[in-house]
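Student: If you scroll down you'll find the structure; I have some questions about it.
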Amino acid sequence: MIQYLENIQHKNSKNFFLIAGPCIIEGEDMALRIAEKVIEITNKFEIPYIFKGSFKKANRSRVDSFTTIGEEKSLEILRKVGETFNIPTTTDIHENEHAALAAQYVDVLQIPAFLVRQTDLLIAAAKTGKCVTLKKGQFLSPESMKFAVEKMTDSGNKKIAIIERGNSFGYTDLVVDFRGIPTMRNYAPVILDVTHSLQQPNQSSGVTGGRPDLIETIAKAGIAVGSDGLFIETHPNPSVAKSDGANMLRLDLLENLLEKLTKVREAIL
């Protein structure tokens with residue numbers, strides 16, 4: 001997928017690529033500060049980097065959960081991040097009309113895991129001509145992602161990657177089946193979503209839990225089995241994040257993690 005992104009850095013470094021940023025856009029200053037720090041780190045290790053931030057969250061557990069600071073405002077911030085640092089940006093879409101809207105502001109559209117079987121949404125994303133990442137549903141087998149990919153290619157878009165984000169393990173936990181990564185690489189490049197794979201959904205409080213202490217373990221395993229990229233949500237202070245704070249990586253821990261992962265990558269090439 002990254003070969004289609006003209007503004008991505010270190011494309012020929014042979015390193016894994018990284019999608020990283022806050023779960024949701026909370027404000028312009030925060031988005032720019034996170035992007036600037038991650039760029040500093042990824043330049044050090046020659047890691048191709050795509051900035052991520054949701055412009056709106058549509059799958060909240062409770063009606064009073066935070067969803068957006070404003071759709072257009074958030075999309076404008078994503079555009080500013082991309083233009084300020086000359087990097088590609090990505091956001092998730094939830095409705096058919098979001099595809100054309102978001103495509104005006106970002107370089108990569110992300111299809112959420114719960115919506116990856118929604119044919120009309122995939123076709124709408126494909127028709128924008130943008131790169132598209134397809135999150136594997138927690139309820140789907142790796143083999144079934146072949147059909148999601150085919151919906152995209154049959155709609156004329158080959159700029160695709162698959163995101164692995166864990167499988168439902170009982171009602172309140174997720175587990176990553178690493179056997180699925182080489183399987184899905186037969187269909188498209190595969191990105192391991194490290195932080196969402198460590199969610200603990202459906203908690204009685206209505207707020208998703210997580211296991212950020214296992215981020216390094218899952219990320220190392222993902223690189224070792226051949227993931228083309230990693231997806232890591234990060235925030236300066238996850239404890240006050242407006243979404244997914246329980247499973248995000250603290251921003252000041254990212255450099256040490258990426259240094260270790262780069263060494264794993266070098267070891268398997």
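We name chains A, B, ... following the order of the structure tokens; residues begin at 1 in each chain, and ligands are numbered from 1 as shown.
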Please extract the residues of range 49-267 of chain A with a backbone DSSP assignment of strand (DSSP E) and present them as number ranges by chain.

Tutor: A: 49-52, 89-92, 108-111, 131-135, 160-164, 167-168, 174-175, 190-193, 199-200, 209-210, 229-235, 249-250

Student: Where does DSSP see helix (DSSP H, G or I) in range 62-261 of chain A, if you list the residues as a PyMOL selection string?

Tutor: chain A and resi 71-85+96-103+113-115+119-127+142-154+180-184+196-198+212-224+238-240+251-261

Student: For range 96-98 of chain A, list every protein, DNA or RNA residue within 12 Å, evaluated using only C-alpha atoms, and leave out those in the same chain fewer than 3 positions away; present the list as a PyMOL selection string.

Tutor: chain A and resi 54-56+58+71-72+75+91-93+101-106+109-111+115+118-128

Student: Can those selected residues be exported to a file as a short mmCIF file (atom, residue, chain, number, x, y, z; two decimals), in the first residue's frame so that it contains N, CA and C atoms?

Tutor:
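The result, written out as part.cif:
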data_model
loop_
_atom_site.label_atom_id
_atom_site.label_comp_id
_atom_site.auth_asym_id
_atom_site.auth_seq_id
_atom_site.Cartn_x
_atom_site.Cartn_y
_atom_site.Cartn_z
N SER A 54 -8.96 9.64 14.53
CA SER A 54 -10.37 9.56 14.13
C SER A 54 -11.00 10.94 14.15
N PHE A 55 -11.74 11.27 13.09
CA PHE A 55 -12.44 12.56 13.10
C PHE A 55 -13.77 12.45 13.82
N LYS A 56 -14.24 11.19 13.98
CA LYS A 56 -15.47 10.94 14.72
C LYS A 56 -15.48 9.49 15.13
N ALA A 58 -17.99 6.46 16.06
CA ALA A 58 -19.41 6.13 15.91
C ALA A 58 -19.83 4.88 16.68
N GLU A 71 -16.87 17.35 13.23
CA GLU A 71 -16.38 16.57 12.09
C GLU A 71 -15.46 17.38 11.18
N GLU A 72 -15.95 18.52 10.70
CA GLU A 72 -15.14 19.32 9.79
C GLU A 72 -13.89 19.87 10.48
N LEU A 75 -11.34 17.07 10.64
CA LEU A 75 -10.77 16.80 9.33
C LEU A 75 -9.80 17.90 8.90
N THR A 91 -7.83 8.32 8.60
CA THR A 91 -8.93 8.37 9.56
C THR A 91 -9.93 7.29 9.20
N ASP A 92 -10.74 6.88 10.16
CA ASP A 92 -11.75 5.85 9.91
C ASP A 92 -13.07 6.49 9.51
N ILE A 93 -13.81 5.78 8.65
CA ILE A 93 -15.11 6.25 8.19
C ILE A 93 -16.17 5.22 8.60
N LEU A 101 -16.26 12.55 1.76
CA LEU A 101 -15.94 13.68 2.64
C LEU A 101 -14.51 13.58 3.15
N ALA A 102 -14.17 12.46 3.78
CA ALA A 102 -12.84 12.31 4.38
C ALA A 102 -11.74 12.29 3.32
N ALA A 103 -12.07 11.78 2.13
CA ALA A 103 -11.08 11.70 1.06
C ALA A 103 -10.56 13.07 0.63
N GLN A 104 -11.31 14.12 0.95
CA GLN A 104 -10.86 15.47 0.63
C GLN A 104 -9.75 15.95 1.57
N TYR A 105 -9.58 15.26 2.71
CA TYR A 105 -8.67 15.73 3.75
C TYR A 105 -7.51 14.79 4.05
N VAL A 106 -7.70 13.47 3.85
CA VAL A 106 -6.67 12.50 4.25
C VAL A 106 -6.24 11.65 3.06
N LEU A 109 -8.08 5.94 3.84
CA LEU A 109 -9.34 5.72 4.54
C LEU A 109 -9.30 4.38 5.25
N GLN A 110 -9.79 4.35 6.47
CA GLN A 110 -9.81 3.11 7.26
C GLN A 110 -11.24 2.64 7.46
N ILE A 111 -11.48 1.37 7.15
CA ILE A 111 -12.78 0.75 7.38
C ILE A 111 -12.74 0.06 8.74
N LEU A 115 -17.46 -2.91 10.56
CA LEU A 115 -18.12 -2.52 9.32
C LEU A 115 -17.48 -3.13 8.08
N GLN A 118 -19.63 -4.45 5.27
CA GLN A 118 -20.62 -3.55 4.68
C GLN A 118 -20.22 -3.21 3.24
N THR A 119 -20.82 -3.90 2.32
CA THR A 119 -20.42 -3.80 0.91
C THR A 119 -20.49 -2.37 0.39
N ASP A 120 -21.58 -1.67 0.66
CA ASP A 120 -21.72 -0.31 0.13
C ASP A 120 -20.64 0.63 0.66
N LEU A 121 -20.25 0.44 1.93
CA LEU A 121 -19.21 1.28 2.52
C LEU A 121 -17.87 1.01 1.84
N LEU A 122 -17.55 -0.26 1.60
CA LEU A 122 -16.30 -0.60 0.94
C LEU A 122 -16.26 -0.07 -0.49
N ILE A 123 -17.37 -0.17 -1.20
CA ILE A 123 -17.42 0.34 -2.57
C ILE A 123 -17.24 1.86 -2.58
N ALA A 124 -17.90 2.54 -1.62
CA ALA A 124 -17.77 4.00 -1.54
C ALA A 124 -16.32 4.39 -1.28
N ALA A 125 -15.65 3.67 -0.41
CA ALA A 125 -14.24 3.95 -0.13
C ALA A 125 -13.38 3.67 -1.35
N ALA A 126 -13.63 2.56 -2.00
CA ALA A 126 -12.84 2.18 -3.18
C ALA A 126 -12.95 3.23 -4.27
N LYS A 127 -14.15 3.76 -4.47
CA LYS A 127 -14.38 4.70 -5.58
C LYS A 127 -13.71 6.05 -5.37
N THR A 128 -13.26 6.35 -4.15
CA THR A 128 -12.53 7.61 -3.93
C THR A 128 -11.16 7.58 -4.58
#

Student: Could you tell me how far CA of Leu18 in chain A lies from CA of Ile87 in chain A, in Å and to one decimal?

Tutor: 11.8 Å

Student: Would you mind listing, for every residue of range 25-66 of chain A within 10 Å of range 214-236 of chain A, the two atoms forming the shortest contact and the distance between them in Å to one decimal, using only C-alpha atoms, sorted by chain and ascending residue number, as CSV?

Tutor:
residue,atom,partner,partner_atom,distance
A:Met30,CA,A:Pro236,CA,8.6
A:Ala31,CA,A:His235,CA,9.3
A:Arg33,CA,A:Pro236,CA,9.1
A:Ile34,CA,A:His235,CA,7.2
A:Val38,CA,A:Thr234,CA,9.4
A:Ile47,CA,A:Gly229,CA,9.7
A:Pro48,CA,A:Gly229,CA,9.1
A:Tyr49,CA,A:Gly229,CA,9.6
A:Ile50,CA,A:Phe231,CA,9.4
A:Phe51,CA,A:Glu233,CA,9.8
A:Lys52,CA,A:Glu233,CA,8.0
A:Gly53,CA,A:Glu233,CA,8.7

Student: I need the residue nearest Lys14 in chain A from this list: A:Asp107, A:Glu46, A:Glu150, A:Glu143. Use only C-alpha atoms for the distance.

Tutor: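 Going through A:Asp107, A:Glu46, A:Glu150, A:Glu143 one by one, the smallest distance to Lys14 in chain A is for A:Glu46.
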
Student: Write out as a list in words each polymer residue whose atoms come within 6 Å of Thr172 in chain A, counting only C-alpha atoms; drop sequence neighbours fewer than 2 positions from it.

Tutor: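 What passes the distance filter is Gly170, Gln200, Pro201 and Asn202 of chain A.
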
Student: Just to be explicit: take each residue in the selection above, keep all heavy atoms, and write the result as a PDB file, in the first residue's frame.

Tutor:
ATOM      1  N   GLY A 170     -14.165 -14.968  24.190  1.00  0.00           N
ATOM      2  CA  GLY A 170     -15.211 -14.759  25.185  1.00  0.00           C
ATOM      3  C   GLY A 170     -15.887 -13.421  24.938  1.00  0.00           C
ATOM      4  O   GLY A 170     -15.789 -12.830  23.858  1.00  0.00           O
ATOM      5  N   GLN A 200     -10.000  -4.760  26.030  1.00  0.00           N
ATOM      6  CA  GLN A 200     -10.895  -5.659  26.764  1.00  0.00           C
ATOM      7  C   GLN A 200     -12.289  -5.033  26.692  1.00  0.00           C
ATOM      8  O   GLN A 200     -12.676  -4.230  27.533  1.00  0.00           O
ATOM      9  CB  GLN A 200     -10.423  -5.837  28.207  1.00  0.00           C
ATOM     10  CG  GLN A 200      -9.088  -6.564  28.293  1.00  0.00           C
ATOM     11  CD  GLN A 200      -8.573  -6.703  29.707  1.00  0.00           C
ATOM     12  OE1 GLN A 200      -8.643  -5.768  30.497  1.00  0.00           O
ATOM     13  NE2 GLN A 200      -8.047  -7.868  30.037  1.00  0.00           N
ATOM     14  N   PRO A 201     -13.043  -5.388  25.641  1.00  0.00           N
ATOM     15  CA  PRO A 201     -14.321  -4.731  25.385  1.00  0.00           C
ATOM     16  C   PRO A 201     -15.446  -5.241  26.286  1.00  0.00           C
ATOM     17  O   PRO A 201     -15.271  -6.185  27.058  1.00  0.00           O
ATOM     18  CB  PRO A 201     -14.594  -5.105  23.923  1.00  0.00           C
ATOM     19  CG  PRO A 201     -13.923  -6.432  23.771  1.00  0.00           C
ATOM     20  CD  PRO A 201     -12.679  -6.371  24.619  1.00  0.00           C
ATOM     21  N   ASN A 202     -16.583  -4.562  26.182  1.00  0.00           N
ATOM     22  CA  ASN A 202     -17.816  -4.990  26.844  1.00  0.00           C
ATOM     23  C   ASN A 202     -17.698  -5.077  28.361  1.00  0.00           C
ATOM     24  O   ASN A 202     -18.270  -5.968  28.994  1.00  0.00           O
ATOM     25  CB  ASN A 202     -18.287  -6.349  26.286  1.00  0.00           C
ATOM     26  CG  ASN A 202     -18.489  -6.312  24.785  1.00  0.00           C
ATOM     27  OD1 ASN A 202     -19.033  -5.349  24.262  1.00  0.00           O
ATOM     28  ND2 ASN A 202     -18.038  -7.334  24.094  1.00  0.00           N
TER      29      ASN A 202
END

Student: Contacts of Phe66 in chain A at 12 Å or less, counting only C-alpha atoms, minus same-chain residues fewer than 6 places along, as a PyMOL selection string?

Tutor: chain A and resi 23-26+54-60+207+241-244

Student: Could you name the residues that touch range 173-185 of chain A at 6 Å or less, counting only C-alpha atoms, but leaving out those on the same chain fewer than 6 positions away, as a PyMOL selection string?

Tutor: chain A and resi 142+166-167+200

Student: Please save N, CA and C atoms of the selected residues as a PDB file, in the first residue's frame.

Tutor:
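Everything below was put into part-v2.pdb:
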ATOM      1  N   PRO A 142      -9.249 -15.186   9.238  1.00  0.00           N
ATOM      2  CA  PRO A 142      -8.315 -14.560   8.290  1.00  0.00           C
ATOM      3  C   PRO A 142      -8.693 -14.844   6.837  1.00  0.00           C
ATOM      4  N   GLY A 166      -7.081  -8.569  16.340  1.00  0.00           N
ATOM      5  CA  GLY A 166      -7.470  -9.528  17.359  1.00  0.00           C
ATOM      6  C   GLY A 166      -8.829 -10.143  17.097  1.00  0.00           C
ATOM      7  N   ASN A 167      -9.067 -11.265  17.754  1.00  0.00           N
ATOM      8  CA  ASN A 167     -10.329 -11.992  17.645  1.00  0.00           C
ATOM      9  C   ASN A 167     -11.032 -12.014  18.987  1.00  0.00           C
ATOM     10  N   GLN A 200     -10.000  -4.760  26.030  1.00  0.00           N
ATOM     11  CA  GLN A 200     -10.895  -5.659  26.764  1.00  0.00           C
ATOM     12  C   GLN A 200     -12.289  -5.033  26.692  1.00  0.00           C
TER      13      GLN A 200
END
